[in-house]
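Student: Please find one structure pasted underneath; my questions will follow.
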Amino acid sequence: MPFDFQPSDEQRMLVETTRAFIEKELYPLERQIDKLGHVPPEIGKELKEKAKAVGLYAANMPEEVGGGGLDVMSQMLFERELGKVNWALQKFVGRPSYILMACKGEQIEKYLLPTVRGDKSEVFALTEPGAGSDAMSITTRAEQDGDDYILNGGKHFITGVGEPDFAIVFTVTGMDETKRGPRKRITAFLVDRGTPGFTIRRGPRCVSYRAYDNWELFFDNVRLNKRQILGEEGKGFAVASEWLLGGRVFIAANCCGKAERAMELALDWAATRKQFGQTIGKFQGVSFKLADMKTEIAAADALTAYVCWKLQNGTMTDGDAGMAKLFATEMLGRVTDQAIQIFGGMGLMEELPLEMMWRDARVERIWEGTSEIQRHIISREMLRAKEQ
Amino acid sequence: MKVLVAVKRVIDANVKVRVKADGTGVETQNVKMSMNPFCEIATEEAVRLKEAGKATEIVAVSLGNAQCAETIRTALAMGADRGIHVQTDVELQPLAVAKLLKAVVDKEQPGLVILGKQAIDDDANQTGQMLSALLGWPQATYASKLVINDNGTANVTREVDGGLETVEVKTPFVMTTDLRLNEPRYASLPNIMKAKKKPIDALTPEQLGVDPAPRLKTLKVTEPPKRQAGIKVGSVAELVDKLKNEAKVI
Ligand SMILES: Cc1cc2nc3c(=O)[nH]c(=O)nc-3n(C[C@H](O)[C@H](O)[C@H](O)COP(=O)(O)OP(=O)(O)OC[C@H]3O[C@@H](n4cnc5c(N)ncnc54)[C@H](O)[C@@H]3O)c2cc1C
């Protein structure tokens with residue numbers, strides 16, 4: 001059957017287990033860690049162990065490397081449930097960066113396997129103060145010195161839980177002359193915490209996902225060996241695009257889960273809160289908001305499922321992933337905003353999770369490529385098809 | 001010792017149940033269904049017995065329509081070893097379930113049958129007791145603690161009105177679970193994947209020689225009456241007055 005929206009028994013149970021896990025282990029911590037601004041290490045450790053015990057840890061990674069081996073559609077359902085709780089907590093149900101599958105030789109034992117086991121944690125370090133959407137403009141450089149490279153520069157907005165054990169750092173290792181002018185050679189390195197010259201500092205406080213650590217990385221003459229190159233020299237972006245295909249569409253799935261949670265809260269409130277002698281859901285001004293929310297979530301879910309299906313079948317394009325990410329993240333912004341409107345003043349109070357979800361939703365339109373960049377990717381693909 | 005667990009598919013505990021417009025029953029179309037929570041507790045207890053080396057095999061049984069296989073699959077993912085699905089679209093009442101279970105027990109010869117004390121859909125609280133009578137086995141209902149002894153007996157702590165009562169029963173016996181017996185686990189991902197390969201045997205009531213036809217007729221199903229809104233009283237004196245003269249309870 002080419003289209004089948006019926007989850008398998010395994011997928012249904014995966015969703016049930018994930019839901020039970022977040023409701024029992026993660027929701028109760030949400031407010032406390034948001035106030036604290038970070039997850040205390042001992043709590044983080046415990047959550048990681050619990051996630052491992054139910055086999056959810058690294059469920060996204062292939063079984064051959066010790067992961068859960070979920071297929072794309074199952075990962076979508078998994079991400080959709082995890083999305084209901086903020087990133088600072090859902091991150092402990094580890095989903096190691098898939099780019100680590102590019103590890104070769106001794107890198108497998110040193111980086112890939114310990115990360116899948118949950119013994120090490122990584123960060124993905126591309127963005128710099130001077131290079132956000134325009135990733136090509138990074139200036140962190142690694143200059144060759146025999147078999148070594150000397151790394152200088154810095155990164156910001158690098159998120160993870162707790163101080164990372166190593167960073168996947170994108171650097172410039174030289175220049176190529178092309179027909180369209182000079183082009184940077186981008187290379188990804190695996191850089192261990194504790195390497196001389198590598199400092200990690202806590203970044204500024206962020207309004208979204210307050211307890212999700214955001215780091216600044218500084219490299220001052222950090223000596224790296226060529227064995228620390230992930231993929232090949234000069235092929236950094238190729239490695240990233242080969243292995244990180246699913247990232248954006250899973251962000252979309254994550255946002256669909258968040259939106260559903262906000263809608264459920266708003267629905268309960270609309271069905272019970274009384275004004276003018278009746279439940280506010282009886283006012284069309286409120287009920288139509290609910291109808292719009294449900295419709296938009298269903299549309300985002302359907303688009304996400306379609307794009308995941310293409311990913312599973314090897315036909316997804318960057319534009320497809322961009323559409324899902326764009327629509328789901330913007331939908332989430334509207335749904336959380338309208339949910340607050342249905343709650344009125346209570347929606348803004350810290351007693352309820354809604355104001356947190358509303359704040360958290362904001363970053364979804366910025367990270368992993370802003371909405372504008374997604375539109376750029378989608379339209380570029382459309383126009384290219386028309387190029388003479 | 002082989003343990004048989006009965007698992008029932010019911011409307012999920014978090015769903016607000018609605019009566020069908022024609023009053024013949026409750027709406028089950030497009031409603032989330034789950035394993036009866038007391039059956040989850042029964043399955044969990046069986047799995048713990050196996051983990052403790054007291055049980056050798058766990059067989060999960062469900063009776064009803066095709067979708068009951070999902071409920072069995074959930075039990076398998078929690079740790080049961082295999083399933084038996086007695087397939088029928090007939091509405092099953094407690095006596096029919098007890099007779100069907102007896103037929104399965106006769107085939108399987110378990111040392112212990114664990115059931116929920118009741119199912120949260122019709123709250124009948126009859127099946128375990130009827131099964132024990134049909135089998136002529138001891139019963140220990142409303143269990144909050146189970147200890148299997150080495151001499152072919154078990155001690156079961158029961159929640160009764162006055163407190164806790166501990167009974168000793170000889171194996172084989174029938175036990176029904178109360179809420180505080182244990183806290184059921186959620187299936188782990190590896191076990192969910194393993195469950196896929198575990199066998200589920202399909203049987204029919206005819207094969208078991210049981211006529212499951214209902215013996216009771218449901219006349220009408222209605223919503224519970226809506227609660228009347230309360231009132232606020234201004235003072236203790238007014239409260240006492242109302243209790244005395246309106247409610248006439250003091
Ligand atoms: C909380 C948080 C966590 C993050 N985690 C990580 C991480 O772990 N690793 C990592 O590498 N990065 C991370 N980032 C960085 C994130 O990916 C960037 O913030 C994002 O790519 C945007 O870059 P910028 O913030 O520099 O904005 P800019 O690129 O400066 O953009 C500013 C504005 O200009 C618009 N704009 C830019 N170019 C165009 C264009 N061509 N057309 C139209 N509009 C355009 C943008 O859409 C935006 O509205 C994180 C960011 C945040 C906020």
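Scheme for the structure tokens: letters A, B, ... for chains in order shown; per-chain residue numbers from 1; ligand numbers from 1 in order shown.
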Just want the residues within 9 Å of ligand 1, written as a PDB file with N, CA, C and O atoms, in the first residue's frame, counting only C-alpha atoms and all ligand atoms.

Tutor:
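The resulting selection37.pdb:
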```
ATOM      1  N   VAL A 123      28.179  18.232  20.981  1.00  0.00           N
ATOM      2  CA  VAL A 123      27.443  19.387  20.468  1.00  0.00           C
ATOM      3  C   VAL A 123      27.815  19.560  19.005  1.00  0.00           C
ATOM      4  O   VAL A 123      28.875  19.111  18.564  1.00  0.00           O
ATOM      5  N   PHE A 124      26.923  20.211  18.292  1.00  0.00           N
ATOM      6  CA  PHE A 124      27.095  20.456  16.869  1.00  0.00           C
ATOM      7  C   PHE A 124      27.429  21.931  16.743  1.00  0.00           C
ATOM      8  O   PHE A 124      26.593  22.788  17.034  1.00  0.00           O
ATOM      9  N   ALA A 125      28.652  22.239  16.342  1.00  0.00           N
ATOM     10  CA  ALA A 125      29.106  23.626  16.423  1.00  0.00           C
ATOM     11  C   ALA A 125      29.411  24.204  15.050  1.00  0.00           C
ATOM     12  O   ALA A 125      30.504  24.038  14.503  1.00  0.00           O
ATOM     13  N   LEU A 126      28.417  24.896  14.519  1.00  0.00           N
ATOM     14  CA  LEU A 126      28.561  25.527  13.216  1.00  0.00           C
ATOM     15  C   LEU A 126      28.501  27.050  13.355  1.00  0.00           C
ATOM     16  O   LEU A 126      29.365  27.777  12.869  1.00  0.00           O
ATOM     17  N   THR A 127      27.457  27.540  14.063  1.00  0.00           N
ATOM     18  CA  THR A 127      27.172  28.970  14.120  1.00  0.00           C
ATOM     19  C   THR A 127      28.264  29.765  14.837  1.00  0.00           C
ATOM     20  O   THR A 127      28.837  29.310  15.825  1.00  0.00           O
ATOM     21  N   GLU A 128      28.531  30.938  14.301  1.00  0.00           N
ATOM     22  CA  GLU A 128      29.504  31.864  14.909  1.00  0.00           C
ATOM     23  C   GLU A 128      28.838  33.223  15.025  1.00  0.00           C
ATOM     24  O   GLU A 128      27.852  33.490  14.331  1.00  0.00           O
ATOM     25  N   PRO A 129      29.395  34.084  15.849  1.00  0.00           N
ATOM     26  CA  PRO A 129      28.802  35.422  15.957  1.00  0.00           C
ATOM     27  C   PRO A 129      28.652  36.093  14.585  1.00  0.00           C
ATOM     28  O   PRO A 129      27.651  36.749  14.323  1.00  0.00           O
ATOM     29  N   GLY A 130      29.605  35.869  13.707  1.00  0.00           N
ATOM     30  CA  GLY A 130      29.535  36.508  12.395  1.00  0.00           C
ATOM     31  C   GLY A 130      28.912  35.639  11.317  1.00  0.00           C
ATOM     32  O   GLY A 130      28.835  36.042  10.154  1.00  0.00           O
ATOM     33  N   ALA A 131      28.474  34.427  11.669  1.00  0.00           N
ATOM     34  CA  ALA A 131      27.957  33.507  10.662  1.00  0.00           C
ATOM     35  C   ALA A 131      26.792  32.698  11.202  1.00  0.00           C
ATOM     36  O   ALA A 131      26.979  31.750  11.962  1.00  0.00           O
ATOM     37  N   GLY A 132      25.571  33.128  10.842  1.00  0.00           N
ATOM     38  CA  GLY A 132      24.361  32.423  11.259  1.00  0.00           C
ATOM     39  C   GLY A 132      23.750  31.738  10.060  1.00  0.00           C
ATOM     40  O   GLY A 132      24.198  30.658   9.653  1.00  0.00           O
ATOM     41  N   SER A 133      22.778  32.410   9.455  1.00  0.00           N
ATOM     42  CA  SER A 133      22.126  31.841   8.257  1.00  0.00           C
ATOM     43  C   SER A 133      23.145  31.588   7.162  1.00  0.00           C
ATOM     44  O   SER A 133      23.058  30.618   6.425  1.00  0.00           O
ATOM     45  N   ASP A 134      24.106  32.468   7.085  1.00  0.00           N
ATOM     46  CA  ASP A 134      25.131  32.351   6.046  1.00  0.00           C
ATOM     47  C   ASP A 134      26.286  31.518   6.583  1.00  0.00           C
ATOM     48  O   ASP A 134      27.324  32.037   6.990  1.00  0.00           O
ATOM     49  N   ALA A 135      26.076  30.197   6.576  1.00  0.00           N
ATOM     50  CA  ALA A 135      27.051  29.302   7.193  1.00  0.00           C
ATOM     51  C   ALA A 135      28.404  29.368   6.487  1.00  0.00           C
ATOM     52  O   ALA A 135      29.446  29.138   7.097  1.00  0.00           O
ATOM     53  N   LYS A 155      32.769  29.803  18.429  1.00  0.00           N
ATOM     54  CA  LYS A 155      31.388  29.472  18.055  1.00  0.00           C
ATOM     55  C   LYS A 155      30.459  29.988  19.132  1.00  0.00           C
ATOM     56  O   LYS A 155      30.842  30.084  20.301  1.00  0.00           O
ATOM     57  N   HIS A 156      29.211  30.298  18.758  1.00  0.00           N
ATOM     58  CA  HIS A 156      28.234  30.632  19.800  1.00  0.00           C
ATOM     59  C   HIS A 156      26.881  29.990  19.505  1.00  0.00           C
ATOM     60  O   HIS A 156      26.686  29.418  18.444  1.00  0.00           O
ATOM     61  N   PHE A 157      25.971  30.081  20.490  1.00  0.00           N
ATOM     62  CA  PHE A 157      24.636  29.451  20.395  1.00  0.00           C
ATOM     63  C   PHE A 157      24.754  27.933  20.248  1.00  0.00           C
ATOM     64  O   PHE A 157      23.995  27.323  19.507  1.00  0.00           O
ATOM     65  N   ILE A 158      25.708  27.320  20.899  1.00  0.00           N
ATOM     66  CA  ILE A 158      25.909  25.883  20.715  1.00  0.00           C
ATOM     67  C   ILE A 158      25.225  25.151  21.866  1.00  0.00           C
ATOM     68  O   ILE A 158      25.652  25.235  23.012  1.00  0.00           O
ATOM     69  N   THR A 159      24.154  24.444  21.537  1.00  0.00           N
ATOM     70  CA  THR A 159      23.318  23.891  22.606  1.00  0.00           C
ATOM     71  C   THR A 159      23.570  22.422  22.860  1.00  0.00           C
ATOM     72  O   THR A 159      23.950  21.663  21.975  1.00  0.00           O
ATOM     73  N   GLY A 160      23.303  22.055  24.098  1.00  0.00           N
ATOM     74  CA  GLY A 160      23.429  20.667  24.518  1.00  0.00           C
ATOM     75  C   GLY A 160      22.999  20.602  25.961  1.00  0.00           C
ATOM     76  O   GLY A 160      22.586  21.610  26.533  1.00  0.00           O
ATOM     77  N   VAL A 169      33.067  20.442  15.228  1.00  0.00           N
ATOM     78  CA  VAL A 169      33.342  21.848  14.913  1.00  0.00           C
ATOM     79  C   VAL A 169      33.581  22.035  13.420  1.00  0.00           C
ATOM     80  O   VAL A 169      34.428  21.346  12.830  1.00  0.00           O
ATOM     81  N   PHE A 170      32.846  22.972  12.829  1.00  0.00           N
ATOM     82  CA  PHE A 170      33.020  23.271  11.403  1.00  0.00           C
ATOM     83  C   PHE A 170      34.028  24.399  11.237  1.00  0.00           C
ATOM     84  O   PHE A 170      33.910  25.443  11.901  1.00  0.00           O
ATOM     85  N   CYS A 206      18.621  32.541  27.509  1.00  0.00           N
ATOM     86  CA  CYS A 206      17.748  32.536  26.331  1.00  0.00           C
ATOM     87  C   CYS A 206      16.301  32.433  26.807  1.00  0.00           C
ATOM     88  O   CYS A 206      16.012  31.713  27.764  1.00  0.00           O
ATOM     89  N   VAL A 207      15.390  33.162  26.172  1.00  0.00           N
ATOM     90  CA  VAL A 207      13.994  33.158  26.613  1.00  0.00           C
ATOM     91  C   VAL A 207      13.311  31.827  26.300  1.00  0.00           C
ATOM     92  O   VAL A 207      12.417  31.386  27.008  1.00  0.00           O
ATOM     93  N   SER A 208      13.749  31.174  25.236  1.00  0.00           N
ATOM     94  CA  SER A 208      13.182  29.862  24.883  1.00  0.00           C
ATOM     95  C   SER A 208      14.014  28.769  25.542  1.00  0.00           C
ATOM     96  O   SER A 208      15.230  28.878  25.599  1.00  0.00           O
ATOM     97  N   TYR A 209      13.368  27.712  25.981  1.00  0.00           N
ATOM     98  CA  TYR A 209      14.047  26.570  26.593  1.00  0.00           C
ATOM     99  C   TYR A 209      15.114  27.038  27.573  1.00  0.00           C
ATOM    100  O   TYR A 209      16.308  26.779  27.394  1.00  0.00           O
ATOM    101  N   ARG A 210      14.679  27.741  28.594  1.00  0.00           N
ATOM    102  CA  ARG A 210      15.616  28.367  29.538  1.00  0.00           C
ATOM    103  C   ARG A 210      16.643  27.434  30.123  1.00  0.00           C
ATOM    104  O   ARG A 210      17.746  27.844  30.431  1.00  0.00           O
ATOM    105  N   TYR A 212      17.901  24.800  28.731  1.00  0.00           N
ATOM    106  CA  TYR A 212      18.694  24.121  27.709  1.00  0.00           C
ATOM    107  C   TYR A 212      20.014  24.882  27.608  1.00  0.00           C
ATOM    108  O   TYR A 212      20.040  26.048  27.238  1.00  0.00           O
ATOM    109  N   ASP A 213      21.109  24.229  27.947  1.00  0.00           N
ATOM    110  CA  ASP A 213      22.395  24.928  28.001  1.00  0.00           C
ATOM    111  C   ASP A 213      22.812  25.437  26.635  1.00  0.00           C
ATOM    112  O   ASP A 213      22.727  24.723  25.648  1.00  0.00           O
ATOM    113  N   ASN A 214      23.265  26.672  26.612  1.00  0.00           N
ATOM    114  CA  ASN A 214      23.805  27.207  25.363  1.00  0.00           C
ATOM    115  C   ASN A 214      25.223  27.683  25.627  1.00  0.00           C
ATOM    116  O   ASN A 214      25.495  28.448  26.538  1.00  0.00           O
ATOM    117  N   TRP A 215      26.147  27.160  24.831  1.00  0.00           N
ATOM    118  CA  TRP A 215      27.579  27.341  25.101  1.00  0.00           C
ATOM    119  C   TRP A 215      28.258  28.220  24.070  1.00  0.00           C
ATOM    120  O   TRP A 215      27.835  28.303  22.929  1.00  0.00           O
ATOM    121  N   VAL A 363      11.767  29.992  19.427  1.00  0.00           N
ATOM    122  CA  VAL A 363      13.064  29.671  18.808  1.00  0.00           C
ATOM    123  C   VAL A 363      12.929  28.691  17.644  1.00  0.00           C
ATOM    124  O   VAL A 363      13.804  28.598  16.786  1.00  0.00           O
ATOM    125  N   GLU A 364      11.817  27.978  17.608  1.00  0.00           N
ATOM    126  CA  GLU A 364      11.666  26.962  16.565  1.00  0.00           C
ATOM    127  C   GLU A 364      11.693  27.576  15.163  1.00  0.00           C
ATOM    128  O   GLU A 364      12.028  26.913  14.196  1.00  0.00           O
ATOM    129  N   ARG A 365      11.315  28.857  15.061  1.00  0.00           N
ATOM    130  CA  ARG A 365      11.315  29.527  13.760  1.00  0.00           C
ATOM    131  C   ARG A 365      12.688  30.107  13.429  1.00  0.00           C
ATOM    132  O   ARG A 365      12.859  30.757  12.412  1.00  0.00           O
ATOM    133  N   ILE A 366      13.625  29.938  14.370  1.00  0.00           N
ATOM    134  CA  ILE A 366      14.950  30.526  14.174  1.00  0.00           C
ATOM    135  C   ILE A 366      16.039  29.473  13.992  1.00  0.00           C
ATOM    136  O   ILE A 366      16.843  29.545  13.074  1.00  0.00           O
ATOM    137  N   TRP A 367      16.041  28.469  14.895  1.00  0.00           N
ATOM    138  CA  TRP A 367      17.167  27.530  14.777  1.00  0.00           C
ATOM    139  C   TRP A 367      16.911  26.492  13.680  1.00  0.00           C
ATOM    140  O   TRP A 367      15.824  26.404  13.151  1.00  0.00           O
ATOM    141  N   GLU A 368      17.940  25.766  13.374  1.00  0.00           N
ATOM    142  CA  GLU A 368      17.897  24.790  12.276  1.00  0.00           C
ATOM    143  C   GLU A 368      17.473  25.462  10.968  1.00  0.00           C
ATOM    144  O   GLU A 368      16.824  24.870  10.126  1.00  0.00           O
ATOM    145  N   GLY A 369      17.846  26.723  10.805  1.00  0.00           N
ATOM    146  CA  GLY A 369      17.469  27.475   9.608  1.00  0.00           C
ATOM    147  C   GLY A 369      16.198  28.262   9.862  1.00  0.00           C
ATOM    148  O   GLY A 369      15.159  27.686  10.164  1.00  0.00           O
ATOM    149  N   THR A 370      16.302  29.596   9.754  1.00  0.00           N
ATOM    150  CA  THR A 370      15.134  30.446  10.041  1.00  0.00           C
ATOM    151  C   THR A 370      14.023  30.199   9.015  1.00  0.00           C
ATOM    152  O   THR A 370      14.255  29.593   7.963  1.00  0.00           O
ATOM    153  N   SER A 371      12.846  30.712   9.323  1.00  0.00           N
ATOM    154  CA  SER A 371      11.723  30.577   8.379  1.00  0.00           C
ATOM    155  C   SER A 371      12.077  31.174   7.026  1.00  0.00           C
ATOM    156  O   SER A 371      11.711  30.639   5.979  1.00  0.00           O
ATOM    157  N   GLU A 372      12.796  32.295   7.074  1.00  0.00           N
ATOM    158  CA  GLU A 372      13.164  32.954   5.809  1.00  0.00           C
ATOM    159  C   GLU A 372      14.087  32.047   4.998  1.00  0.00           C
ATOM    160  O   GLU A 372      13.949  31.932   3.780  1.00  0.00           O
ATOM    161  N   ILE A 373      15.025  31.413   5.698  1.00  0.00           N
ATOM    162  CA  ILE A 373      15.951  30.523   4.990  1.00  0.00           C
ATOM    163  C   ILE A 373      15.193  29.315   4.415  1.00  0.00           C
ATOM    164  O   ILE A 373      15.473  28.873   3.301  1.00  0.00           O
ATOM    165  N   GLN A 374      14.202  28.812   5.157  1.00  0.00           N
ATOM    166  CA  GLN A 374      13.411  27.691   4.605  1.00  0.00           C
ATOM    167  C   GLN A 374      12.688  28.137   3.336  1.00  0.00           C
ATOM    168  O   GLN A 374      12.656  27.415   2.339  1.00  0.00           O
ATOM    169  N   ARG A 375      12.119  29.326   3.386  1.00  0.00           N
ATOM    170  CA  ARG A 375      11.409  29.832   2.190  1.00  0.00           C
ATOM    171  C   ARG A 375      12.377  29.991   1.025  1.00  0.00           C
ATOM    172  O   ARG A 375      12.038  29.728  -0.125  1.00  0.00           O
ATOM    173  N   HIS A 376      13.574  30.412   1.358  1.00  0.00           N
ATOM    174  CA  HIS A 376      14.606  30.557   0.342  1.00  0.00           C
ATOM    175  C   HIS A 376      14.901  29.194  -0.294  1.00  0.00           C
ATOM    176  O   HIS A 376      14.947  29.066  -1.520  1.00  0.00           O
TER     177      HIS A 376
END
```

Student: Would you list which chain B residues are within 9 Å of chain A using only C-alpha atoms, as a list in words?

Tutor: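 The selection requested is Glu70, Arg73, Thr74, Ala77, Tyr186, Ala187, Ser188, Leu189, Pro190, Asn191, Ile192, Met193, Ala195 and Lys196 of chain B.
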
Student: Return the single residue from A:Gly285, A:Gly231, A:Gly162, A:Pro204 that is closest to Ile186 (chain A), with distances computed using only C-alpha atoms.

Tutor: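 Residue with the minimum atom-to-atom distance to Ile186 (chain A): A:Gly231.
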
Student: Given the choices B:Thr141, B:Gln93, B:Thr43, B:Asn125, which gets closest to Asp81 (chain B) if the distance is worked out from only C-alpha atoms?

Tutor: B:Thr43

Student: Which residues, written as a ChimeraX atom specification, have at least one atom at most 9 Å from Lys120 (chain A), with only C-alpha atoms counted and residues fewer than 5 positions away on the same chain left out?

Tutor: /A:111-115,164-166

Student: Would you save the residues of that selection, restricted to N, CA and C atoms, as a CSV table (one decimal), in the first residue's frame?

Tutor:
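The result, written out as result-v4.csv:
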```csv
chain,number,residue,atom,x,y,z
A,111,TYR,N,34.2,8.1,19.7
A,111,TYR,CA,33.1,9.0,19.7
A,111,TYR,C,31.7,8.4,19.5
A,112,LEU,N,31.6,7.7,18.4
A,112,LEU,CA,30.3,7.2,18.0
A,112,LEU,C,29.7,6.3,19.1
A,113,LEU,N,30.4,5.2,19.5
A,113,LEU,CA,29.8,4.2,20.4
A,113,LEU,C,29.5,4.7,21.8
A,114,PRO,N,30.5,5.5,22.4
A,114,PRO,CA,30.2,6.0,23.7
A,114,PRO,C,29.0,7.0,23.7
A,115,THR,N,28.8,7.7,22.6
A,115,THR,CA,27.7,8.7,22.5
A,115,THR,C,26.4,7.9,22.4
A,164,PRO,N,29.6,19.7,27.1
A,164,PRO,CA,29.8,18.6,26.1
A,164,PRO,C,31.1,17.9,26.4
A,165,ASP,N,31.2,16.6,26.1
A,165,ASP,CA,32.5,15.9,26.1
A,165,ASP,C,33.3,16.2,24.9
A,166,PHE,N,32.6,16.4,23.8
A,166,PHE,CA,33.3,16.8,22.5
A,166,PHE,C,32.4,17.6,21.7
```

Student: Run DSSP on the backbone and give me the residues of region 118-322 of chain A it puts in helix (DSSP H, G or I), as a ChimeraX atom specification.

Tutor: /A:135-137,226-228,236-243,247-272,280-282,284-312,318-322

Student: Calculate how many Å separate CA of Gly257 (chain A) from CA of Lys294 (chain A), rounding to one decimal.

Tutor: 12.0 Å

Student: For each of B:Pro199, B:Pro212, B:Gly116, B:Gly53, take the minimum atom-to-atom distance to Val90 (chain B), counting only C-alpha atoms, then give the residue where this is smallest.

Tutor: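 The shortest atom-to-atom distance to Val90 (chain B) comes from B:Pro212.
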
Student: Can you list, as a PyMOL selection string, every residue of region 19-197 of chain B that DSSP puts in strand (DSSP E)?

Tutor: chain B and resi 33-35+57-64+82-87+112-116+139-148+153-160+163-170+173-177

Student: As number ranges by chain, please: the residues near region 324-337 of chain A (cut-off 8 Å, only C-alpha atoms, same-chain neighbours under 4 positions excluded).

Tutor: A: 248-249, 251-253, 255-256, 258-259, 262-263, 293, 296-297, 300-301, 303-304, 307, 320, 341, 354, 357-358, 361-362, 364-365, 371, 374-375

Student: Quick check, in Å to one decimal: how far apart do CA of Gly345 (chain A) and CA of Lys282 (chain A) lie?

Tutor: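 Here the two named atoms are 19.0 Å from each other.
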
Student: Which residues, written as a ChimeraX atom specification, have at least one atom at most 7 Å from Val169 (chain B), with only C-alpha atoms counted and residues fewer than 4 positions away on the same chain left out?

Tutor: /B:138,153-155

Student: Those residues you just picked out, can you put them in a file as a PDB file, in the first residue's frame with all heavy atoms?

Tutor:
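What landed in again_10.pdb:
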```pdb
ATOM      1  N   PRO B 138      -9.052 -22.632  44.532  1.00  0.00           N
ATOM      2  CA  PRO B 138      -9.158 -21.525  45.497  1.00  0.00           C
ATOM      3  C   PRO B 138      -9.052 -20.174  44.807  1.00  0.00           C
ATOM      4  O   PRO B 138      -8.468 -20.075  43.721  1.00  0.00           O
ATOM      5  CB  PRO B 138      -7.965 -21.730  46.428  1.00  0.00           C
ATOM      6  CG  PRO B 138      -7.227 -22.906  45.956  1.00  0.00           C
ATOM      7  CD  PRO B 138      -7.861 -23.454  44.737  1.00  0.00           C
ATOM      8  N   THR B 153       2.109 -23.581  48.104  1.00  0.00           N
ATOM      9  CA  THR B 153       1.086 -22.651  48.583  1.00  0.00           C
ATOM     10  C   THR B 153       1.547 -21.226  48.273  1.00  0.00           C
ATOM     11  O   THR B 153       2.685 -21.001  47.879  1.00  0.00           O
ATOM     12  CB  THR B 153       0.862 -22.757  50.117  1.00  0.00           C
ATOM     13  OG1 THR B 153       2.068 -22.327  50.758  1.00  0.00           O
ATOM     14  CG2 THR B 153       0.502 -24.165  50.544  1.00  0.00           C
ATOM     15  N   ALA B 154       0.619 -20.300  48.489  1.00  0.00           N
ATOM     16  CA  ALA B 154       0.969 -18.891  48.318  1.00  0.00           C
ATOM     17  C   ALA B 154       0.245 -18.084  49.387  1.00  0.00           C
ATOM     18  O   ALA B 154      -0.837 -18.475  49.830  1.00  0.00           O
ATOM     19  CB  ALA B 154       0.562 -18.410  46.935  1.00  0.00           C
ATOM     20  N   ASN B 155       0.857 -16.999  49.813  1.00  0.00           N
ATOM     21  CA  ASN B 155       0.182 -16.087  50.721  1.00  0.00           C
ATOM     22  C   ASN B 155      -0.224 -14.845  49.944  1.00  0.00           C
ATOM     23  O   ASN B 155       0.608 -14.223  49.290  1.00  0.00           O
ATOM     24  CB  ASN B 155       1.108 -15.666  51.868  1.00  0.00           C
ATOM     25  CG  ASN B 155       1.405 -16.817  52.800  1.00  0.00           C
ATOM     26  OD1 ASN B 155       0.819 -17.900  52.655  1.00  0.00           O
ATOM     27  ND2 ASN B 155       2.297 -16.598  53.736  1.00  0.00           N
TER      28      ASN B 155
END
```
